[in-house]
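Data block below; observations after.
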Amino acid sequence: MTIPERTLLRRLFTAQDLTSMAPAAKVVVYALLLSWLMVVLFPLYWLFITSFKLPVHVNDGPDFLPFIDFKPSGHAWRYIFVELGNDTLRPYLSSVIVASCSTVLCVLIGAFAAYALVRIQYRVKVGNVAAFLLFLAGTVYVIVNLGAPWPVAAAVASVLFVLFATSVGRSFQRSLGNDDILFWIISNRILPPVVVVLPVYLMFQRLGLLDTHVALIATYTAINLPIVVWLMRDFFAGIPVDLEESAQIDGASRFRIFFTIVLPLGRPGLAATSLLILILAWNEYLLALFISTADAQTMPMLVAAQNATRGPQWWYMSVLIVIMIAPIVLTAAMLQRHIARGLMVGAIKG
Amino acid sequence: MRVRLANVRKSFGRHEVVRNLSLDIADGELLVLLGASGCGKTTALRMVAGLETVTAGTIEIGDRDVTHVLPKYRNVAMVFQSYALYPHMTVARNIGYPLKLRGTPAAELDAAVRSAAAKVHLEELLDRYPRQLSGGQRQRVALARAMVRTPSVFLMDEPLSNLDAKLRSAMRAELKRLQSDLGVTTIYVTHDQIEAMTLAHRVAVMDGGVLQQVAPPKEIYDEPANLLVARFIGAPAMNIVAGAMEHGVFRLRDGAVPLGGAAPRASLYLGFRPEDAILAPADAAMLRARIYSTEMTGNETIVTCHLDGEPVVVRADKDFEGAPDSAVGIDLDPAKAVLFDRDTGNRIRR
């Protein structure tokens, strides 16, 4: 047997050992990674330097390097923080309140729902669902056409439905399972939420909640709930049922199990889901446009407002976007270590 | 405490997993539920734990009917096959969890955890997480968690089956000692007959959801109630050959065994343990067979012969040598042979 010749070319394409890459492959991989890094970071860089540019630098065409191509100026920052002052702070606080409250609510309710769908087998009778819709239509008819007071009509219909479901309803055969319920929940997100913006608008108008944080929190919680249920269900399904049975025998109630066993173990999923929901709520624009006008206005609206009669004010926008991105980046960095996998190691077997 | 199952049944849909199971387990007894996988033993245990509902029948712990009582109110402790340790808690918190749920004061809880840990030699590892432990150590944590609160009953679901062979036999001895020291009634599920034989005060053999026999290990071994038990217990299992009783002699095609006192009967099975037979010269022995194979295990030689075309196993001296296909005779101890009815499979004579 002859020893293969160690030419330069061969060395370039051969890995040194099992755990390393060939030099040529290394070059290619790092080149790809670097170019992707550029794609990701360049817009952020551009945003950042634009916030320090004077209008003339923006309009005169691309200036890339501060201090060399142009002289940085704090005029946009001064305008946003000093001249606008409270008009910046208010939407910022609005965004913080709305996004954080809706995320907490959404993840909490969604996690409950997801857990229930994983661990409890529901059998919803198709007949009862149909009956519910009929009762609902009847109630609406009675209120609209016969002028019945709505609280009375709703109460009567609820009682009648419960009576129906617990008597006649028991004899129905066909039923829906957990998968059907889950599909129904996710189907709520098949249409973009903005298609229901008119009814939502009218509803909040009637309730006198237009332009309030409550309206935005409720709306965001409702539209993001299906995503939480869908994501958390998989995380909860991955928790061995033995752990929960063991806790049951050790003397824990369902709620206790949920809060001391399931939630801590679902932490990576909770962190990832919370981050996603936070970003969705933080960036939401279309629904906010309808529901909030002044008091409850959120940051995306303020950013959009910089494109007014004088044309797009890129420098102001950049400042706003920079301060808008900051908390999300910080939150992501904080949640990062919770998203790490491998929490379940040691639960069962070995 | 005494545990009593009366006519317990369990069905999953149309599939009946446990059929009419009645068991009376004395205070302080260690009862082993033994059977192949899918025989309903684990389901039976889970019904005692309260993790499965009971389709029909009653379960009593002490003098209390617990058939419809939630697991947390039964005061039972269970060790799962998977150990079911809480991966996000340290060893100390794992062991203390059942007490914490009962609102035990911190000092008392700490003392109880330490004493339970001491019983299974875990004192050094209390601050570790389950993922930092070996399989044997995890097993001990599960045991300590079960022992920390002096339950009415210990339930063990194949607790040793995930350990390697050497550790398993060591833990077996330890378990037996712990159980007799604590004197807590124990129901132990296993498919391993060595575990059953060595640990049990009484063994309950199950097959196809039906309880076949409950008796002390020696009785199960020497006097199996029927063919199912006879074939399941013993390694190698009991030899079963077909034949008929005529004039005090059990006659088969290639030989006859004198069995004084047995009534004449046409279709019967004769059963004998491999150690109750010896190999002899072909022409002078009760049964004439051919050697199929020989396996030297160290302290003995397992000789498989063909008798009437059926395999028959005999334990021979470790120095035994016999060529395959050579003729050999088998002599057996008539006092230790048992007879089974061929139609019902039940034992009719010791």
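Residue numbering restarts at 1 for every chain of the structure tokens, chains are lettered A, B, ... in their displayed order, and ligands are numbered from 1 as they appear.
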*Pull out every residue of chain B that has at least one atom within 6 Å of chain A, counting only C-alpha atoms, and report them as a PyMOL selection string.*
chain B and resi 71-72+82-87+98+130-131+135
>> Show me, as a PyMOL selection string, the residues that have an atom within 12 Å of A:Phe183 when counting only C-alpha atoms, minus same-chain residues fewer than 4 positions from it.
In response: chain A and resi 117+176-179+187-190+226-227+229-230
Based on the selection just made, write all heavy atoms of those residues as an mmCIF file, in the first residue's frame.
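Below is the file that was written, result_36.cif:
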data_model
loop_
_atom_site.group_PDB
_atom_site.id
_atom_site.type_symbol
_atom_site.label_atom_id
_atom_site.label_comp_id
_atom_site.auth_asym_id
_atom_site.auth_seq_id
_atom_site.Cartn_x
_atom_site.Cartn_y
_atom_site.Cartn_z
ATOM 1 N N LEU A 117 -55.526 20.951 27.015
ATOM 2 C CA LEU A 117 -55.692 20.185 25.779
ATOM 3 C C LEU A 117 -54.732 19.001 25.707
ATOM 4 O O LEU A 117 -54.992 18.019 25.022
ATOM 5 C CB LEU A 117 -55.483 21.089 24.562
ATOM 6 C CG LEU A 117 -56.675 21.983 24.226
ATOM 7 C CD1 LEU A 117 -56.317 22.948 23.105
ATOM 8 C CD2 LEU A 117 -57.882 21.151 23.816
ATOM 9 N N LEU A 176 -66.609 15.818 19.228
ATOM 10 C CA LEU A 176 -65.320 16.322 18.766
ATOM 11 C C LEU A 176 -64.269 16.062 19.841
ATOM 12 O O LEU A 176 -64.579 16.099 21.028
ATOM 13 C CB LEU A 176 -65.411 17.822 18.501
ATOM 14 C CG LEU A 176 -66.470 18.258 17.485
ATOM 15 C CD1 LEU A 176 -66.603 19.767 17.478
ATOM 16 C CD2 LEU A 176 -66.089 17.754 16.097
ATOM 17 N N GLY A 177 -63.036 15.830 19.410
ATOM 18 C CA GLY A 177 -61.967 15.571 20.373
ATOM 19 C C GLY A 177 -61.057 16.773 20.519
ATOM 20 O O GLY A 177 -61.323 17.848 19.983
ATOM 21 N N ASN A 178 -59.957 16.564 21.255
ATOM 22 C CA ASN A 178 -59.020 17.662 21.512
ATOM 23 C C ASN A 178 -58.415 18.229 20.234
ATOM 24 O O ASN A 178 -58.189 19.421 20.128
ATOM 25 C CB ASN A 178 -57.894 17.168 22.424
ATOM 26 C CG ASN A 178 -58.371 16.993 23.838
ATOM 27 O OD1 ASN A 178 -59.565 17.035 24.106
ATOM 28 N ND2 ASN A 178 -57.445 16.813 24.745
ATOM 29 N N ASP A 179 -58.154 17.343 19.259
ATOM 30 C CA ASP A 179 -57.538 17.822 18.023
ATOM 31 C C ASP A 179 -58.462 18.777 17.291
ATOM 32 O O ASP A 179 -58.014 19.749 16.683
ATOM 33 C CB ASP A 179 -57.176 16.631 17.122
ATOM 34 C CG ASP A 179 -55.971 15.888 17.668
ATOM 35 O OD1 ASP A 179 -55.311 16.439 18.570
ATOM 36 O OD2 ASP A 179 -55.710 14.767 17.201
ATOM 37 N N SER A 187 -57.595 27.899 13.784
ATOM 38 C CA SER A 187 -58.303 28.414 12.599
ATOM 39 C C SER A 187 -58.696 29.877 12.796
ATOM 40 O O SER A 187 -58.940 30.600 11.836
ATOM 41 C CB SER A 187 -59.540 27.573 12.302
ATOM 42 O OG SER A 187 -60.530 27.842 13.269
ATOM 43 N N ASN A 188 -58.744 30.319 14.055
ATOM 44 C CA ASN A 188 -59.035 31.728 14.310
ATOM 45 C C ASN A 188 -57.945 32.638 13.782
ATOM 46 O O ASN A 188 -58.135 33.830 13.639
ATOM 47 C CB ASN A 188 -59.188 31.975 15.818
ATOM 48 C CG ASN A 188 -60.457 31.365 16.345
ATOM 49 O OD1 ASN A 188 -61.459 31.374 15.646
ATOM 50 N ND2 ASN A 188 -60.414 30.820 17.544
ATOM 51 N N ARG A 189 -56.746 32.032 13.536
ATOM 52 C CA ARG A 189 -55.657 32.860 13.030
ATOM 53 C C ARG A 189 -55.469 32.693 11.537
ATOM 54 O O ARG A 189 -54.555 33.247 10.960
ATOM 55 C CB ARG A 189 -54.349 32.491 13.729
ATOM 56 C CG ARG A 189 -53.878 33.420 14.855
ATOM 57 C CD ARG A 189 -54.250 34.842 14.732
ATOM 58 N NE ARG A 189 -53.318 35.690 13.977
ATOM 59 C CZ ARG A 189 -52.373 36.446 14.536
ATOM 60 N NH1 ARG A 189 -52.206 36.483 15.822
ATOM 61 N NH2 ARG A 189 -51.598 37.193 13.771
ATOM 62 N N ILE A 190 -56.343 31.906 10.889
ATOM 63 C CA ILE A 190 -56.164 31.720 9.451
ATOM 64 C C ILE A 190 -56.459 33.026 8.711
ATOM 65 O O ILE A 190 -55.724 33.428 7.820
ATOM 66 C CB ILE A 190 -57.052 30.561 8.931
ATOM 67 C CG1 ILE A 190 -56.484 29.239 9.465
ATOM 68 C CG2 ILE A 190 -57.081 30.536 7.410
ATOM 69 C CD1 ILE A 190 -57.292 28.026 9.109
ATOM 70 N N PRO A 226 -54.293 32.057 20.031
ATOM 71 C CA PRO A 226 -54.128 30.797 19.291
ATOM 72 C C PRO A 226 -52.680 30.402 19.103
ATOM 73 O O PRO A 226 -52.335 29.218 19.180
ATOM 74 C CB PRO A 226 -54.776 31.102 17.936
ATOM 75 C CG PRO A 226 -55.725 32.201 18.203
ATOM 76 C CD PRO A 226 -55.119 33.027 19.294
ATOM 77 N N ILE A 227 -51.808 31.400 18.895
ATOM 78 C CA ILE A 227 -50.393 31.079 18.675
ATOM 79 C C ILE A 227 -49.800 30.480 19.954
ATOM 80 O O ILE A 227 -49.052 29.500 19.904
ATOM 81 C CB ILE A 227 -49.622 32.354 18.272
ATOM 82 C CG1 ILE A 227 -50.251 32.928 17.001
ATOM 83 C CG2 ILE A 227 -48.153 32.056 18.063
ATOM 84 C CD1 ILE A 227 -49.680 34.265 16.600
ATOM 85 N N VAL A 229 -51.383 28.876 22.373
ATOM 86 C CA VAL A 229 -51.928 27.533 22.592
ATOM 87 C C VAL A 229 -51.200 26.534 21.700
ATOM 88 O O VAL A 229 -50.754 25.475 22.150
ATOM 89 C CB VAL A 229 -53.443 27.492 22.308
ATOM 90 C CG1 VAL A 229 -53.973 26.081 22.416
ATOM 91 C CG2 VAL A 229 -54.176 28.418 23.255
ATOM 92 N N TRP A 230 -51.050 26.894 20.456
ATOM 93 C CA TRP A 230 -50.427 26.007 19.478
ATOM 94 C C TRP A 230 -48.990 25.676 19.854
ATOM 95 O O TRP A 230 -48.562 24.520 19.817
ATOM 96 C CB TRP A 230 -50.487 26.684 18.102
ATOM 97 C CG TRP A 230 -50.105 25.791 16.985
ATOM 98 C CD1 TRP A 230 -48.909 25.721 16.347
ATOM 99 C CD2 TRP A 230 -50.944 24.796 16.380
ATOM 100 N NE1 TRP A 230 -48.948 24.758 15.389
ATOM 101 C CE2 TRP A 230 -50.165 24.193 15.378
ATOM 102 C CE3 TRP A 230 -52.257 24.377 16.589
ATOM 103 C CZ2 TRP A 230 -50.676 23.169 14.581
ATOM 104 C CZ3 TRP A 230 -52.756 23.359 15.785
ATOM 105 C CH2 TRP A 230 -51.977 22.767 14.805
#
(Q) So that I can check the surroundings of A:Ser171, please list as a PyMOL selection string every protein, DNA and RNA residue that reaches within 12 Å of it, counting only C-alpha atoms and ignoring chain neighbours fewer than 4 positions away. (A) chain A and resi 125-128+164-167+175
Expected file: the selected residues, C-alpha atoms, as a short mmCIF file (atom, residue, chain, number, x, y, z; two decimals), in the first residue's frame:
data_model
loop_
_atom_site.label_atom_id
_atom_site.label_comp_id
_atom_site.auth_asym_id
_atom_site.auth_seq_id
_atom_site.Cartn_x
_atom_site.Cartn_y
_atom_site.Cartn_z
CA LYS A 125 -70.95 16.81 21.39
CA VAL A 126 -71.48 18.16 17.87
CA GLY A 127 -75.19 18.47 18.66
CA ASN A 128 -74.47 20.73 21.60
CA PHE A 164 -80.79 21.48 27.04
CA ALA A 165 -77.17 20.32 27.08
CA THR A 166 -77.57 18.38 30.32
CA SER A 167 -80.79 16.66 29.25
CA SER A 175 -68.45 14.29 19.43
#
Note to self: To test your reading of the structure, identify every residue in stretch 120-297 of chain A that backbone DSSP assigns to strand (DSSP E or B), and report it as a list in words.
What the structure shows: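 The strand (DSSP E or B) subset of stretch 120-297 of chain A is Val124, Lys125, Ser175 and Leu176 of chain A.
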Enumerate, as a ChimeraX atom specification, the complete set of residues in stretch 160-337 of chain A that a backbone-based DSSP assignment places in alpha helix (DSSP H).
-> /A:160-166,178-187,197-207,213-237,241-250,254-257,263-265,267-283,286-291,299-305,314-337
Using only C-alpha atoms, determine which residues lie at most 10 Å from A:Gly269, disregarding the query and same-chain residues fewer than 5 positions distant; provide the list as a PDB file with N, CA and C atoms, in the first residue's frame.
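Listed below is the output, out.pdb:
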ATOM      1  N   ALA A 111     -51.297  29.140  28.122  1.00  0.00           N
ATOM      2  CA  ALA A 111     -50.623  27.993  28.731  1.00  0.00           C
ATOM      3  C   ALA A 111     -51.649  27.101  29.438  1.00  0.00           C
ATOM      4  N   VAL A 228     -50.148  31.067  21.089  1.00  0.00           N
ATOM      5  CA  VAL A 228     -49.628  30.550  22.359  1.00  0.00           C
ATOM      6  C   VAL A 228     -50.098  29.115  22.579  1.00  0.00           C
ATOM      7  N   LEU A 231     -48.230  26.720  20.241  1.00  0.00           N
ATOM      8  CA  LEU A 231     -46.813  26.502  20.566  1.00  0.00           C
ATOM      9  C   LEU A 231     -46.651  25.758  21.896  1.00  0.00           C
ATOM     10  N   MET A 232     -47.404  26.196  22.921  1.00  0.00           N
ATOM     11  CA  MET A 232     -47.211  25.624  24.254  1.00  0.00           C
ATOM     12  C   MET A 232     -47.671  24.180  24.325  1.00  0.00           C
ATOM     13  N   ARG A 233     -48.643  23.837  23.486  1.00  0.00           N
ATOM     14  CA  ARG A 233     -49.141  22.467  23.527  1.00  0.00           C
ATOM     15  C   ARG A 233     -48.003  21.470  23.276  1.00  0.00           C
ATOM     16  N   ASP A 234     -47.172  21.779  22.294  1.00  0.00           N
ATOM     17  CA  ASP A 234     -46.062  20.881  21.982  1.00  0.00           C
ATOM     18  C   ASP A 234     -45.062  20.800  23.136  1.00  0.00           C
ATOM     19  N   PHE A 235     -44.813  21.942  23.764  1.00  0.00           N
ATOM     20  CA  PHE A 235     -43.865  21.933  24.878  1.00  0.00           C
ATOM     21  C   PHE A 235     -44.408  21.090  26.037  1.00  0.00           C
ATOM     22  N   PHE A 236     -45.689  21.271  26.339  1.00  0.00           N
ATOM     23  CA  PHE A 236     -46.283  20.525  27.454  1.00  0.00           C
ATOM     24  C   PHE A 236     -46.377  19.038  27.136  1.00  0.00           C
ATOM     25  N   LEU A 263     -45.128  24.334  34.640  1.00  0.00           N
ATOM     26  CA  LEU A 263     -44.605  25.630  34.198  1.00  0.00           C
ATOM     27  C   LEU A 263     -43.079  25.708  34.298  1.00  0.00           C
ATOM     28  N   PRO A 264     -42.474  25.303  35.437  1.00  0.00           N
ATOM     29  CA  PRO A 264     -41.013  25.364  35.475  1.00  0.00           C
ATOM     30  C   PRO A 264     -40.353  24.529  34.373  1.00  0.00           C
ATOM     31  N   SER A 274     -43.261  33.719  24.888  1.00  0.00           N
ATOM     32  CA  SER A 274     -43.455  35.076  25.398  1.00  0.00           C
ATOM     33  C   SER A 274     -42.749  36.090  24.495  1.00  0.00           C
ATOM     34  N   LEU A 275     -41.532  35.741  24.099  1.00  0.00           N
ATOM     35  CA  LEU A 275     -40.763  36.661  23.267  1.00  0.00           C
ATOM     36  C   LEU A 275     -41.485  36.918  21.944  1.00  0.00           C
ATOM     37  N   HIS A 338     -32.908  31.127  29.057  1.00  0.00           N
ATOM     38  CA  HIS A 338     -34.016  30.243  29.425  1.00  0.00           C
ATOM     39  C   HIS A 338     -34.446  29.363  28.255  1.00  0.00           C
ATOM     40  N   ILE A 339     -34.155  29.862  27.051  1.00  0.00           N
ATOM     41  CA  ILE A 339     -34.614  29.135  25.872  1.00  0.00           C
ATOM     42  C   ILE A 339     -33.728  27.910  25.624  1.00  0.00           C
ATOM     43  N   ALA A 340     -32.565  27.884  26.278  1.00  0.00           N
ATOM     44  CA  ALA A 340     -31.662  26.740  26.100  1.00  0.00           C
ATOM     45  C   ALA A 340     -32.390  25.430  26.389  1.00  0.00           C
ATOM     46  N   ARG A 341     -32.074  24.428  25.603  1.00  0.00           N
ATOM     47  CA  ARG A 341     -32.755  23.138  25.730  1.00  0.00           C
ATOM     48  C   ARG A 341     -32.110  22.304  26.846  1.00  0.00           C
TER      49      ARG A 341
END
How many Å lie between atom CA of B:Asp110 and atom CA of B:Arg145, rounded to one decimal?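 Separation of atom CA of B:Asp110 and atom CA of B:Arg145: 12.7 Å.
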Nearest residue to B:Gln213 out of B:Pro264, B:Gly298, B:Pro274, B:Gly35, using only C-alpha atoms?
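The closest residue to B:Gln213 is B:Gly35.
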Query - Nearest residue to B:Thr185 from the set B:Leu211, B:Thr90, B:Leu155, B:Leu34 (distances using only C-alpha atoms) - result: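 Once distances to B:Thr185 are computed over only C-alpha atoms, the minimum belongs to B:Leu155.
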Separating atom CA of B:Pro224 from atom CA of B:Gly209, to the nearest tenth of an Å, is a gap of 17.8 Å
| said: Taking 2 positions as the minimum chain separation for residues in the same chain, which residues sit within 12 Å of stretch 275-287 of chain B when counting only C-alpha atoms? Answer as a PyMOL selection string. | reply: chain B and resi 222+234-239+241+249-259+271-273+289-291+300-308+312-317+320-322+326-338
